[in-house]
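*Asks:* My structure file entry.txt, compact mmCIF, C-alpha atoms, is below:
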# COMPACT_ATOMS: atom_id res chain seq x y z
CA MET A 16 9.76 -16.91 17.41
CA THR A 17 11.45 -18.97 20.14
CA ASP A 18 12.17 -16.13 22.55
CA THR A 19 11.10 -17.24 26.03
CA ARG A 20 9.80 -13.74 26.71
CA ALA A 21 7.10 -14.15 24.04
CA VAL A 22 3.54 -14.17 25.31
CA PRO A 23 1.99 -17.37 23.92
CA LEU A 24 -0.68 -17.14 21.27
CA PRO A 25 -4.20 -17.87 22.54
CA SER A 26 -6.03 -21.09 21.81
CA PRO A 27 -8.70 -20.83 19.10
CA ASP A 28 -11.42 -20.81 21.75
CA ASP A 29 -9.78 -17.97 23.65
CA VAL A 30 -9.10 -15.55 20.77
CA LEU A 31 -10.62 -12.12 21.30
CA LEU A 32 -12.42 -11.11 18.10
CA GLU A 33 -14.16 -7.91 19.21
CA PRO A 34 -12.85 -4.54 17.98
CA PRO A 35 -10.58 -2.82 20.49
CA ALA A 36 -12.18 -0.62 23.13
CA ALA A 37 -10.74 2.73 24.20
CA GLU A 38 -8.43 1.21 26.83
CA GLU A 39 -6.86 -1.19 24.32
CA VAL A 40 -6.49 1.57 21.74
CA ALA A 41 -4.61 3.66 24.30
CA MET A 42 -2.29 0.70 24.93
CA MET A 43 -1.71 0.37 21.20
CA VAL A 44 -0.85 4.03 20.74
CA GLY A 45 1.39 3.98 23.80
CA ALA A 46 3.27 1.01 22.38
CA PHE A 47 3.51 2.49 18.88
CA LYS A 48 5.06 5.72 20.06
CA THR A 49 7.40 4.03 22.53
CA ALA A 50 8.66 1.58 19.95
CA CYS A 51 9.38 3.91 17.05
CA ALA A 52 10.20 7.30 18.61
CA PRO A 53 13.80 8.48 18.11
CA THR A 54 15.70 10.45 20.74
CA GLY A 55 13.74 13.64 21.24
CA GLY A 56 10.35 12.08 20.65
CA LEU A 57 8.10 11.37 17.69
CA THR A 58 8.58 13.34 14.51
CA GLU A 59 5.67 15.32 13.10
CA VAL A 60 4.96 12.77 10.40
CA GLN A 61 5.17 9.82 12.82
CA ARG A 62 2.71 11.48 15.18
CA ALA A 63 0.31 12.32 12.36
CA VAL A 64 0.40 8.80 10.89
CA ILE A 65 -0.10 7.04 14.23
CA ALA A 66 -3.02 9.30 15.14
CA ALA A 67 -4.74 9.15 11.75
CA ILE A 68 -4.46 5.40 11.17
CA THR A 69 -5.47 4.50 14.72
CA GLU A 70 -8.54 6.71 14.51
CA SER A 71 -9.47 5.48 11.02
CA MET A 72 -9.17 1.79 11.94
CA THR A 73 -10.80 1.93 15.39
CA GLY A 74 -13.08 4.96 15.30
CA ILE A 75 -11.45 6.16 18.53
CA THR A 76 -9.55 9.45 18.68
CA THR A 77 -6.47 9.43 20.89
CA ASP A 78 -4.12 12.23 21.93
CA VAL A 79 -0.83 10.60 20.99
CA ASP A 80 1.26 12.91 23.18
CA ALA A 81 -0.96 12.44 26.25
CA VAL A 82 -0.99 8.63 26.18
CA PRO A 83 1.66 7.11 28.51
CA GLY A 84 4.33 4.91 27.02
CA VAL A 85 3.88 1.14 27.05
CA SER A 86 6.80 -1.30 27.24
CA ALA A 87 7.15 -4.37 25.05
CA HIS A 88 6.25 -6.74 27.88
CA GLU A 89 3.26 -4.64 28.96
CA PHE A 90 1.96 -4.53 25.42
CA ALA A 91 2.42 -8.24 24.83
CA GLU A 92 0.44 -8.97 27.97
CA ALA A 93 -2.32 -6.63 26.77
CA MET A 94 -2.37 -8.59 23.49
CA ARG A 95 -2.53 -11.98 25.22
CA ARG A 96 -5.93 -12.87 23.72
CA ARG A 97 -5.16 -11.47 20.27
CA ASP A 98 -4.13 -13.89 17.51
CA ALA A 99 -1.01 -13.86 15.33
CA GLY A 100 -2.62 -11.85 12.55
CA TYR A 101 -3.71 -9.10 14.92
CA ARG A 102 -0.32 -9.00 16.62
CA THR A 103 1.45 -8.84 13.27
CA ARG A 104 -0.60 -5.79 12.29
CA MET A 105 0.53 -4.15 15.53
CA VAL A 106 4.17 -4.75 14.67
CA GLN A 107 3.58 -3.42 11.17
CA MET A 108 2.28 -0.17 12.63
CA MET A 109 5.55 0.12 14.54
CA LEU A 110 7.50 -0.68 11.39
CA LEU A 111 5.51 1.94 9.52
CA GLY A 112 6.51 4.57 12.08
CA GLU A 113 10.09 3.30 12.08
CA LEU A 114 10.43 3.41 8.29
CA LEU A 115 9.41 7.08 8.25
CA LEU A 116 12.61 8.10 10.04
CA VAL A 117 15.56 9.64 8.19
CA PRO A 118 18.08 8.62 9.36
CA LEU A 119 16.85 5.43 10.95
CA PRO A 120 18.54 4.98 14.37
CA PRO A 121 19.64 1.39 15.16
CA GLU A 122 18.15 1.69 18.64
CA VAL A 123 14.68 2.22 17.15
CA THR A 124 15.07 -0.90 15.03
CA ALA A 125 16.16 -2.85 18.11
CA ARG A 126 13.11 -1.65 20.08
CA VAL A 127 10.67 -2.63 17.36
CA GLU A 128 12.28 -6.06 17.21
CA GLU A 129 11.88 -6.37 20.98
CA TYR A 130 8.13 -5.73 20.69
CA ALA A 131 7.90 -8.33 17.93
CA GLU A 132 9.77 -10.87 20.07
CA CYS A 133 7.48 -10.34 23.03
CA LEU A 134 4.42 -10.63 20.79
CA GLY A 135 5.78 -13.81 19.24
CA VAL A 136 5.51 -12.62 15.63
CA ALA A 137 7.79 -11.26 12.91
CA ASP A 138 7.70 -9.48 9.56
CA ASP A 139 10.01 -9.57 6.54
CA MET A 140 10.43 -5.79 6.69
CA MET A 141 12.23 -6.08 10.02
CA ALA A 142 15.31 -7.38 8.19
CA VAL A 143 15.01 -4.54 5.67
CA ALA A 144 14.82 -1.98 8.49
CA ARG A 145 17.89 -3.52 10.14
CA ARG A 146 19.85 -3.11 6.90
CA VAL A 147 18.70 0.50 6.55
CA ALA A 148 19.67 1.32 10.14
CA SER A 149 23.16 -0.05 9.50
CA GLY A 150 23.50 2.07 6.36
CA SER A 151 23.41 -0.89 3.95
CA LEU A 152 20.79 0.38 1.51
CA GLY A 153 21.89 -1.96 -1.28
CA LEU A 154 21.46 -4.99 0.96
CA ALA A 155 18.17 -3.57 2.23
CA LEU A 156 16.91 -3.50 -1.34
CA ILE A 157 18.01 -7.11 -1.88
CA ASP A 158 16.24 -8.22 1.32
CA PHE A 159 13.15 -6.32 0.19
CA GLU A 160 13.09 -8.01 -3.22
CA ARG A 161 13.48 -11.42 -1.56
CA SER A 162 10.65 -10.85 0.91
CA GLY A 163 7.95 -13.48 1.18
CA TYR A 164 5.20 -11.61 -0.62
CA PHE A 165 7.19 -11.22 -3.84
CA ASN A 166 8.47 -14.78 -3.74
CA GLN A 167 4.96 -16.23 -3.43
CA MET A 168 3.87 -14.23 -6.47
CA LEU A 169 6.01 -16.57 -8.58
CA GLU A 170 5.08 -19.89 -6.99
CA THR A 171 2.43 -20.50 -9.65
CA PRO A 172 2.24 -19.22 -13.25
CA PRO A 173 0.73 -15.72 -13.14
CA GLU A 174 -2.29 -16.49 -15.30
CA HIS A 175 -4.03 -13.30 -14.13
CA LEU A 176 -1.30 -11.27 -15.89
CA HIS A 177 -1.99 -12.92 -19.28
CA THR A 178 1.71 -12.93 -20.17
CA ALA A 179 3.03 -15.26 -22.86
CA LYS A 180 5.66 -16.72 -20.50
CA PRO A 181 5.97 -17.20 -16.73
CA LEU A 182 7.86 -14.41 -14.97
CA ALA A 183 11.37 -14.94 -13.63
CA ASP A 184 10.91 -12.26 -10.99
CA ALA A 185 8.06 -10.14 -9.66
CA TRP A 186 8.96 -7.04 -11.64
CA GLN A 187 10.05 -8.64 -14.91
CA LEU A 188 9.27 -6.61 -18.02
CA ALA A 189 7.47 -8.01 -21.06
CA TYR A 190 8.86 -6.14 -24.05
CA ASP A 191 7.84 -8.50 -26.85
CA ASP A 192 4.42 -9.78 -25.89
CA GLY A 193 2.14 -8.64 -28.68
CA ALA A 194 -0.87 -10.57 -27.42
CA LEU A 195 -0.58 -8.91 -24.03
CA TYR A 196 -0.40 -5.47 -25.65
CA GLN A 197 -3.47 -6.17 -27.77
CA ARG A 198 -5.43 -7.31 -24.71
CA TRP A 199 -4.72 -4.01 -22.96
CA ALA A 200 -5.30 -1.91 -26.09
CA ALA A 201 -8.67 -3.63 -26.65
CA LEU A 202 -9.97 -2.04 -23.43
CA GLU A 203 -10.91 0.89 -25.67
CA GLU A 204 -13.83 -1.23 -26.87
CA CYS A 205 -15.36 -1.48 -23.39
CA PRO A 206 -18.46 0.70 -22.87
CA LYS A 207 -18.07 4.11 -21.26
CA GLY A 208 -18.28 4.02 -17.50
CA THR A 209 -16.80 0.55 -17.25
CA LEU A 210 -13.63 -0.37 -15.42
CA GLY A 211 -11.85 -1.41 -18.63
CA ARG A 212 -12.69 1.78 -20.50
CA GLY A 213 -11.58 3.78 -17.47
CA VAL A 214 -8.19 2.05 -17.42
CA TRP A 215 -7.78 2.66 -21.17
CA GLN A 216 -8.55 6.36 -20.64
CA PHE A 217 -6.18 6.43 -17.66
CA TYR A 218 -3.32 5.26 -19.90
CA ARG A 219 -4.33 7.42 -22.86
CA ALA A 220 -4.53 10.66 -20.86
CA ARG A 221 -1.07 10.11 -19.36
CA GLY A 222 0.70 8.82 -22.44
CA PHE A 223 1.41 5.51 -20.70
CA THR A 224 2.43 2.54 -22.84
CA PHE A 225 0.40 -0.65 -22.51
CA PRO A 226 2.27 -3.69 -21.13
CA GLY A 227 3.87 -5.90 -23.74
CA THR A 228 5.93 -3.26 -25.54
CA PRO A 229 9.12 -1.27 -24.80
CA ASN A 230 8.89 1.48 -22.16
CA SER A 231 5.84 -0.14 -20.59
CA ALA A 232 5.37 -1.00 -16.93
CA PRO A 233 6.10 -4.55 -15.72
CA PRO A 234 2.84 -6.56 -15.93
CA THR A 235 2.79 -7.07 -12.16
CA LEU A 236 3.10 -3.34 -11.50
CA ALA A 237 0.48 -2.54 -14.15
CA GLN A 238 -2.02 -4.45 -11.99
CA HIS A 239 -2.20 -1.49 -9.64
CA ASP A 240 -3.46 0.78 -12.43
CA TRP A 241 -6.82 -0.98 -12.26
CA ILE A 242 -7.02 0.12 -8.62
CA HIS A 243 -6.41 3.76 -9.51
CA VAL A 244 -9.66 3.67 -11.49
CA LEU A 245 -11.62 1.30 -9.27
CA ALA A 246 -10.81 3.15 -6.04
CA ASP A 247 -10.88 6.65 -7.57
CA TYR A 248 -7.28 7.76 -7.08
CA GLY A 249 -5.24 10.03 -9.33
CA SER A 250 -1.73 9.29 -10.57
CA THR A 251 0.45 11.74 -8.66
CA VAL A 252 2.95 10.46 -6.12
CA GLU A 253 0.55 11.25 -3.28
CA SER A 254 -2.14 9.16 -4.96
CA GLU A 255 0.33 6.30 -5.43
CA ILE A 256 0.82 6.24 -1.67
CA GLU A 257 -2.94 5.95 -1.23
CA VAL A 258 -3.28 3.20 -3.84
CA PHE A 259 -0.58 1.02 -2.31
CA GLY A 260 -1.87 1.70 1.19
CA LEU A 261 -5.24 0.32 0.12
CA ILE A 262 -3.72 -2.66 -1.73
CA ALA A 263 -1.41 -3.58 1.15
CA ARG A 264 -4.11 -3.43 3.80
CA CYS A 265 -6.71 -5.25 1.74
CA ASN A 266 -4.57 -8.35 1.37
CA ASP A 267 -5.31 -11.05 3.95
CA ASP A 268 -1.64 -12.03 3.68
CA PRO A 269 0.16 -9.62 6.04
CA ARG A 270 3.33 -9.99 3.96
CA ALA A 271 1.73 -7.54 1.52
CA PHE A 272 2.74 -4.81 4.00
CA SER A 273 5.95 -4.77 1.95
CA LEU A 274 4.03 -2.92 -0.79
CA LEU A 275 3.37 -0.01 1.56
CA ALA A 276 6.98 -0.15 2.75
CA MET A 277 7.98 0.06 -0.92
CA VAL A 278 6.14 3.28 -1.69
CA LEU A 279 7.35 4.91 1.51
CA GLY A 280 10.89 3.79 0.66
CA LEU A 281 10.46 5.44 -2.74
CA PHE A 282 8.44 8.55 -2.02
CA GLU A 283 9.28 9.49 1.57
CA THR A 284 12.71 8.24 2.64
CA GLY A 285 14.40 7.08 -0.56
CA TYR A 286 15.65 3.94 1.19
CA LEU A 287 14.24 1.61 -1.49
CA TYR A 288 15.36 3.75 -4.39
CA GLY A 289 15.49 0.86 -6.88
CA ALA A 290 12.28 -0.94 -5.96
CA ALA A 291 9.97 -2.17 -8.74
CA ARG A 292 12.95 -2.37 -11.08
CA GLY A 293 13.37 1.38 -10.82
CA PHE A 294 10.20 1.96 -12.85
CA PHE A 295 9.10 4.47 -10.21
CA GLY A 296 11.69 7.21 -9.85
CA TYR A 297 12.22 7.79 -6.15
CA ASP A 298 11.32 11.25 -4.89
CA ARG A 299 11.59 11.90 -1.17
CA GLY A 300 9.44 13.82 1.29
CA HIS A 301 5.91 13.30 -0.01
CA MET A 302 4.53 12.36 3.43
CA SER A 303 6.47 14.74 5.65
CA ARG A 304 5.99 17.89 3.58
CA ASP A 305 2.25 17.81 4.36
CA ALA A 306 2.12 15.38 7.26
CA ASP A 307 -1.41 15.87 8.59
CA HIS A 308 -3.14 15.80 5.23
CA MET A 309 -1.12 12.88 3.86
CA ALA A 310 -1.60 10.90 7.07
CA ARG A 311 -5.37 11.28 6.76
CA ARG A 312 -5.29 10.25 3.10
CA LEU A 313 -3.17 7.18 3.84
CA ALA A 314 -5.31 6.26 6.84
CA ASP A 315 -8.51 6.45 4.81
CA ALA A 316 -7.00 4.35 2.02
CA MET A 317 -5.92 1.68 4.50
CA TYR A 318 -9.36 1.68 6.13
CA ARG A 319 -11.02 1.25 2.72
CA GLY A 320 -8.65 -1.63 2.04
CA ALA A 321 -9.44 -3.30 5.36
CA LYS A 322 -13.20 -2.97 4.86
CA LEU A 323 -12.90 -4.30 1.31
CA ALA A 324 -11.05 -7.36 2.61
CA TRP A 325 -13.58 -7.98 5.35
CA ASN A 326 -16.43 -7.84 2.85
CA LEU A 327 -14.70 -10.17 0.40
CA ASP A 328 -13.99 -12.60 3.25
CA ASP A 329 -17.62 -12.47 4.35
CA VAL A 330 -18.92 -13.40 0.89
CA GLY A 331 -16.45 -16.23 0.31
CA ARG A 332 -14.10 -14.34 -2.01
CA SER A 333 -10.99 -14.30 0.13
CA ASP A 334 -8.86 -15.23 -2.87
CA GLU A 335 -9.56 -11.76 -4.27
CA THR A 336 -8.10 -9.80 -1.35
CA ASP A 337 -4.73 -9.82 -3.15
CA LEU A 338 -5.58 -7.07 -5.61
CA LEU A 339 -2.34 -7.52 -7.53
CA ALA A 340 -3.17 -11.20 -8.13
CA THR A 341 -6.73 -10.58 -9.36
CA ASP A 342 -7.58 -11.01 -13.04
CA TRP A 343 -9.14 -7.59 -13.57
CA PHE A 344 -9.86 -8.29 -17.23
CA GLN A 345 -12.78 -10.42 -16.08
CA TYR A 346 -14.35 -7.23 -14.70
CA ALA A 347 -13.37 -4.95 -17.60
CA ASP A 348 -16.94 -4.69 -18.96
CA ARG A 349 -18.46 -3.95 -15.56
CA ASP A 350 -19.74 -0.49 -14.65
CA VAL A 351 -17.28 0.93 -12.12
CA ARG A 352 -19.96 2.07 -9.69
CA ASP A 353 -21.73 -1.29 -9.76
CA LEU A 354 -18.44 -3.14 -9.27
CA ARG A 355 -17.51 -1.02 -6.26
CA GLU A 356 -20.85 -1.85 -4.67
CA GLU A 357 -20.53 -5.56 -5.44
CA LEU A 358 -17.01 -5.79 -3.99
CA GLY A 359 -17.86 -3.68 -0.96
CA LEU A 360 -15.41 -0.86 -1.72
CA LEU A 361 -16.39 2.14 0.37
CA PRO A 362 -16.24 5.67 -1.04
CA LYS A 363 -13.53 7.96 0.25
CA SER A 364 -14.22 9.75 3.50
CA GLN A 365 -15.04 13.44 3.38
CA ARG A 366 -12.01 14.02 5.57
CA ALA A 367 -9.71 12.40 2.99
CA ILE A 368 -11.24 14.50 0.20
CA GLU A 369 -10.81 17.67 2.26
CA SER A 370 -7.19 16.63 2.81
CA GLY A 371 -6.58 16.61 -0.95
CA SER A 372 -7.48 13.11 -2.14
CA VAL A 373 -8.49 13.30 -5.81
CA GLY A 374 -9.60 10.93 -8.54
CA PRO A 375 -7.94 10.21 -11.90
CA TRP A 376 -10.23 12.64 -13.76
CA ASP A 377 -10.00 15.54 -11.29
CA ARG A 378 -7.89 18.66 -11.13
CA GLY A 379 -4.73 17.51 -9.40
CA GLY A 380 -5.34 13.91 -10.45
CA ILE A 381 -2.50 13.96 -13.00
CA SER A 382 1.05 15.26 -12.69
CA PRO A 383 2.37 18.01 -14.99
CA PHE A 384 4.83 15.53 -16.51
CA GLN A 385 2.08 12.99 -17.23
CA TYR A 386 -0.13 15.72 -18.70
CA GLU A 387 2.64 16.81 -21.07
CA GLN A 388 3.53 13.19 -21.86
CA GLY A 389 -0.06 12.50 -22.82
CA GLN A 390 -0.04 15.50 -25.16
CA ARG A 391 3.23 14.39 -26.76
CA ALA A 392 1.84 10.91 -27.34
CA ALA A 393 -1.28 12.38 -28.96
CA ARG A 394 0.79 14.53 -31.30
CA ALA A 395 2.94 11.54 -32.26
CA ASP A 396 -0.20 9.55 -33.09
CA GLY A 397 -1.75 12.44 -35.03
CA ARG A 398 -4.81 12.66 -32.79
CA GLU A 399 -6.39 15.27 -30.56
CA TYR A 400 -5.37 15.01 -26.92
CA GLU A 401 -8.07 14.17 -24.37
CA SER A 402 -7.44 14.20 -20.62
CA TYR A 403 -11.01 13.12 -19.73
CA GLY A 404 -11.17 15.93 -17.17
CA ALA A 405 -7.80 15.44 -15.50
CA SER A 406 -5.52 18.45 -15.14
CA PRO A 407 -2.45 19.25 -13.05
CA ALA A 408 -2.97 21.15 -9.81
Hey, can you dump this file as structure tokens for me?

*Replies:*
Amino acid sequence: MTDTRAVPLPSPDDVLLEPPAAEEVAMMVGAFKTACAPTGGLTEVQRAVIAAITESMTGITTDVDAVPGVSAHEFAEAMRRRDAGYRTRMVQMMLLGELLLVPLPPEVTARVEEYAECLGVADDMMAVARRVASGSLGLALIDFERSGYFNQMLETPPEHLHTAKPLADAWQLAYDDGALYQRWAALEECPKGTLGRGVWQFYRARGFTFPGTPNSAPPTLAQHDWIHVLADYGSTVESEIEVFGLIARCNDDPRAFSLLAMVLGLFETGYLYGAARGFFGYDRGHMSRDADHMARRLADAMYRGAKLAWNLDDVGRSDETDLLATDWFQYADRDVRDLREELGLLPKSQRAIESGSVGPWDRGGISPFQYEQGQRAARADGREYESYGASPA
């Protein structure tokens, strides 16, 4: 940013690395609510998300309503010793609150941009939000698909996807890739309890089609199915929000925030109705209809993602923080529990479980449609249906 109001970034020797204390957390919350509140104050879901994520990430509980507002200039001054990555995460929290609004008022978008200017950082989703606020959802979707994270996915051949040809775009399908299909189907041969066998069961129970054939998911999108099993999340819409919250926050590249924006634009607001090539059918309101519980589930998923990234960074495996760019087939024969421990993936918090977070083999871990689809696929194959414990709530 070139705005003269921007507070300069600190020198490497002056960067503050310690976790935020209570005073800084209060400044953060005050800035979040000032930046993204519409006329009339925060919505219920905004308040719940700000409170839950702040507490999960910092360990400090804050009364969002009691904290005084903080202007863009005040907040930038408070962040003077924080680096660009830290400041970008602050702006993304504001964007997260902003992108939960329906409709999205242009004045909220302008305020969030003001905070970003004063902090001297930016995010690709700011342009998307601007399009949404102006009512240009088609252009918002185009800006989203052109965002930096998806472009960088194609800079090198996606060897981790094991496709026969390089992809022309991030969500390209692979209809006629028999070798890719066989690789996924061969996961059946992995021992029970392993990641690969779990992914095979995940597909089998839901009647999903392995990548490489018609009606299958794009190979890039199929990458997230490994995380459903690894991180113990079901396959309902609510679980999808958790999965992408974890994936987005784990990535050291802050541009991966667009993945969280995507699921919210599909399953809360409907703004990004055609994201991921329309493979996910958009269905609005899945955060706001149970705001407190969903905020806690999302917050816990993001915390697990952050802790996973920190552990991978600490052990020299930073290249694996992009979970969609990891070759999970190399871990297919690994016991899931051992792999979680090796990677540093924390178990879910009790609070998230009490708020309804379930695994892929639990009651509520599969949607009624997926349950019926799995049964139809079994009948078509002439085999007995097995859900491996999963059932609709």

*Asks:* Do a neighbour search on A:Asp78 at 10 Å with only C-alpha atoms, toss out local chain neighbours closer than 4 positions, and write the hits as a VMD selection string.

*Replies:* chain A and resid 41 44 62 66 82

*Asks:* Skip A:Trp376 itself and residues of its chain fewer than 5 positions away, then list as a PyMOL selection string all residues within 9 Å of it, counting all atoms listed in the file.

*Replies:* chain A and resi 217+247-249+381+402-406

*Asks:* Could you give me, as a ChimeraX atom specification, the residues within 12 Å of A:Ile65, counting all atoms listed in the file and dropping anything in the same chain fewer than 5 positions from it?

*Replies:* /A:40-41,43-52,57-60,70-73,76-80,105,107-113,115,306-307,309-311,313-314

*Asks:* Would you list the contacts of A:Val278 as number ranges by chain, taking every protein, DNA or RNA residue within 8 Å and counting only C-alpha atoms, but skipping same-chain residues closer than 5 positions in sequence?

*Replies:* A: 255-256, 259, 283

*Asks:* Output C-alpha atoms for every residue in the selection just made, as a compact mmCIF listing (two decimals), in the coordinates of the input.

*Replies:*
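Okay, this is what ended up in part-v9.txt:
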# COMPACT_ATOMS: atom_id res chain seq x y z
CA GLU A 255 0.33 6.30 -5.43
CA ILE A 256 0.82 6.24 -1.67
CA PHE A 259 -0.58 1.02 -2.31
CA GLU A 283 9.28 9.49 1.57

*Asks:* Please determine the residues with any atom at most 12 Å from (-9.8, 14.6, -7.7) (coordinates as given in the file, with all atoms listed in the file counting) and report them as a compact mmCIF listing (two decimals) with C-alpha atoms, in the coordinates of the input.

*Replies:*
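Once everything was written out, this is part.txt:
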# COMPACT_ATOMS: atom_id res chain seq x y z
CA HIS A 243 -6.41 3.76 -9.51
CA VAL A 244 -9.66 3.67 -11.49
CA ALA A 246 -10.81 3.15 -6.04
CA ASP A 247 -10.88 6.65 -7.57
CA TYR A 248 -7.28 7.76 -7.08
CA GLY A 249 -5.24 10.03 -9.33
CA SER A 250 -1.73 9.29 -10.57
CA THR A 251 0.45 11.74 -8.66
CA GLU A 253 0.55 11.25 -3.28
CA SER A 254 -2.14 9.16 -4.96
CA LYS A 363 -13.53 7.96 0.25
CA ALA A 367 -9.71 12.40 2.99
CA ILE A 368 -11.24 14.50 0.20
CA GLU A 369 -10.81 17.67 2.26
CA SER A 370 -7.19 16.63 2.81
CA GLY A 371 -6.58 16.61 -0.95
CA SER A 372 -7.48 13.11 -2.14
CA VAL A 373 -8.49 13.30 -5.81
CA GLY A 374 -9.60 10.93 -8.54
CA PRO A 375 -7.94 10.21 -11.90
CA TRP A 376 -10.23 12.64 -13.76
CA ASP A 377 -10.00 15.54 -11.29
CA ARG A 378 -7.89 18.66 -11.13
CA GLY A 379 -4.73 17.51 -9.40
CA GLY A 380 -5.34 13.91 -10.45
CA ILE A 381 -2.50 13.96 -13.00
CA SER A 382 1.05 15.26 -12.69
CA GLY A 404 -11.17 15.93 -17.17
CA ALA A 405 -7.80 15.44 -15.50
CA SER A 406 -5.52 18.45 -15.14
CA PRO A 407 -2.45 19.25 -13.05
CA ALA A 408 -2.97 21.15 -9.81

*Asks:* For a test of reading the model, state the distance in Å between atom CA of A:Cys205 and atom CA of A:Phe344, rounded to one decimal.

*Replies:* 10.7 Å

*Asks:* Please tell me which residues are no farther than 12 Å from (10.0, -7.5, -29.9) in the file, counting all atoms listed in the file, and write them as number ranges by chain.

*Replies:* A: 188-194, 196, 227-230

*Asks:* Write the residues of the preceding selection, restricted to C-alpha atoms, as a PDB file, in the frame of the given file.

*Replies:*
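Result written to out14.pdb:
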ATOM      1  CA  LEU A 188       9.270  -6.610 -18.020  1.00  0.00           C
ATOM      2  CA  ALA A 189       7.470  -8.010 -21.060  1.00  0.00           C
ATOM      3  CA  TYR A 190       8.860  -6.140 -24.050  1.00  0.00           C
ATOM      4  CA  ASP A 191       7.840  -8.500 -26.850  1.00  0.00           C
ATOM      5  CA  ASP A 192       4.420  -9.780 -25.890  1.00  0.00           C
ATOM      6  CA  GLY A 193       2.140  -8.640 -28.680  1.00  0.00           C
ATOM      7  CA  ALA A 194      -0.870 -10.570 -27.420  1.00  0.00           C
ATOM      8  CA  TYR A 196      -0.400  -5.470 -25.650  1.00  0.00           C
ATOM      9  CA  GLY A 227       3.870  -5.900 -23.740  1.00  0.00           C
ATOM     10  CA  THR A 228       5.930  -3.260 -25.540  1.00  0.00           C
ATOM     11  CA  PRO A 229       9.120  -1.270 -24.800  1.00  0.00           C
ATOM     12  CA  ASN A 230       8.890   1.480 -22.160  1.00  0.00           C
TER      13      ASN A 230
END

*Asks:* Pick from A:Gly213, A:Gly320, A:Pro234, A:Gly296: nearest to A:Val252, with all atoms listed in the file counted?

*Replies:*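 Smallest separation from A:Val252 among the options: A:Gly296.
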
*Asks:* Set the distance at 12 Å and use only C-alpha atoms: which residues neighbour A:Arg332 once local chain neighbours fewer than 6 positions away are removed? I'd like the list as a PDB file with C-alpha atoms, in the frame of the given file.

*Replies:*
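The result, written out as out04.pdb:
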ATOM      1  CA  ASN A 266      -4.570  -8.350   1.370  1.00  0.00           C
ATOM      2  CA  ASP A 267      -5.310 -11.050   3.950  1.00  0.00           C
ATOM      3  CA  LEU A 323     -12.900  -4.300   1.310  1.00  0.00           C
ATOM      4  CA  ALA A 324     -11.050  -7.360   2.610  1.00  0.00           C
ATOM      5  CA  TRP A 325     -13.580  -7.980   5.350  1.00  0.00           C
ATOM      6  CA  ASN A 326     -16.430  -7.840   2.850  1.00  0.00           C
ATOM      7  CA  LEU A 338      -5.580  -7.070  -5.610  1.00  0.00           C
ATOM      8  CA  THR A 341      -6.730 -10.580  -9.360  1.00  0.00           C
ATOM      9  CA  GLU A 357     -20.530  -5.560  -5.440  1.00  0.00           C
ATOM     10  CA  LEU A 358     -17.010  -5.790  -3.990  1.00  0.00           C
ATOM     11  CA  GLY A 359     -17.860  -3.680  -0.960  1.00  0.00           C
TER      12      GLY A 359
END

*Asks:* When distances are computed from all atoms listed in the file, which of A:Ala37, A:Val330, A:Ala200, A:Ile68 shows the smallest separation from A:Arg212?

*Replies:*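 Closest to A:Arg212 of all the choices is A:Ala200.
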
*Asks:* Using only C-alpha atoms, pick whichever of A:Phe90, A:Phe225, A:Tyr318, A:Phe165 has the shortest atom-to-atom distance to A:Ala290.

*Replies:* A:Phe165

*Asks:* What is the distance, in Å and to one decimal place, between atom CA of A:Gly100 and atom CA of A:Asp334?

*Replies:* 17.0 Å

*Asks:* Box in all listed atoms of stretch 249-266 of chain A, axis-aligned, with 3 Å more on each side; write out centre and edge lengths in Å to one decimal as AutoDock Vina command-line options.

*Replies:*
--center_x -1.9 --center_y 1.7 --center_z -3.4 --size_x 15.7 --size_y 26.1 --size_z 20.4

*Asks:* Measuring between only C-alpha atoms, which one of A:Leu24, A:Met140, A:Leu274, A:Ala347 shows the shortest distance to A:Trp199?

*Replies:*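 Nearest candidate to A:Trp199 out of A:Leu24, A:Met140, A:Leu274, A:Ala347: A:Ala347.
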
*Asks:* Report, in Å to a single decimal, how far apart atom CA of A:Thr235 and atom CA of A:Ile157 are.

*Replies:*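 It comes out at 18.4 Å.
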
*Asks:* Here is a test: counting all atoms listed in the file, which residue of A:Val351, A:Leu116, A:Cys133, A:Val64 is nearest to A:Met317?

*Replies:* A:Val64
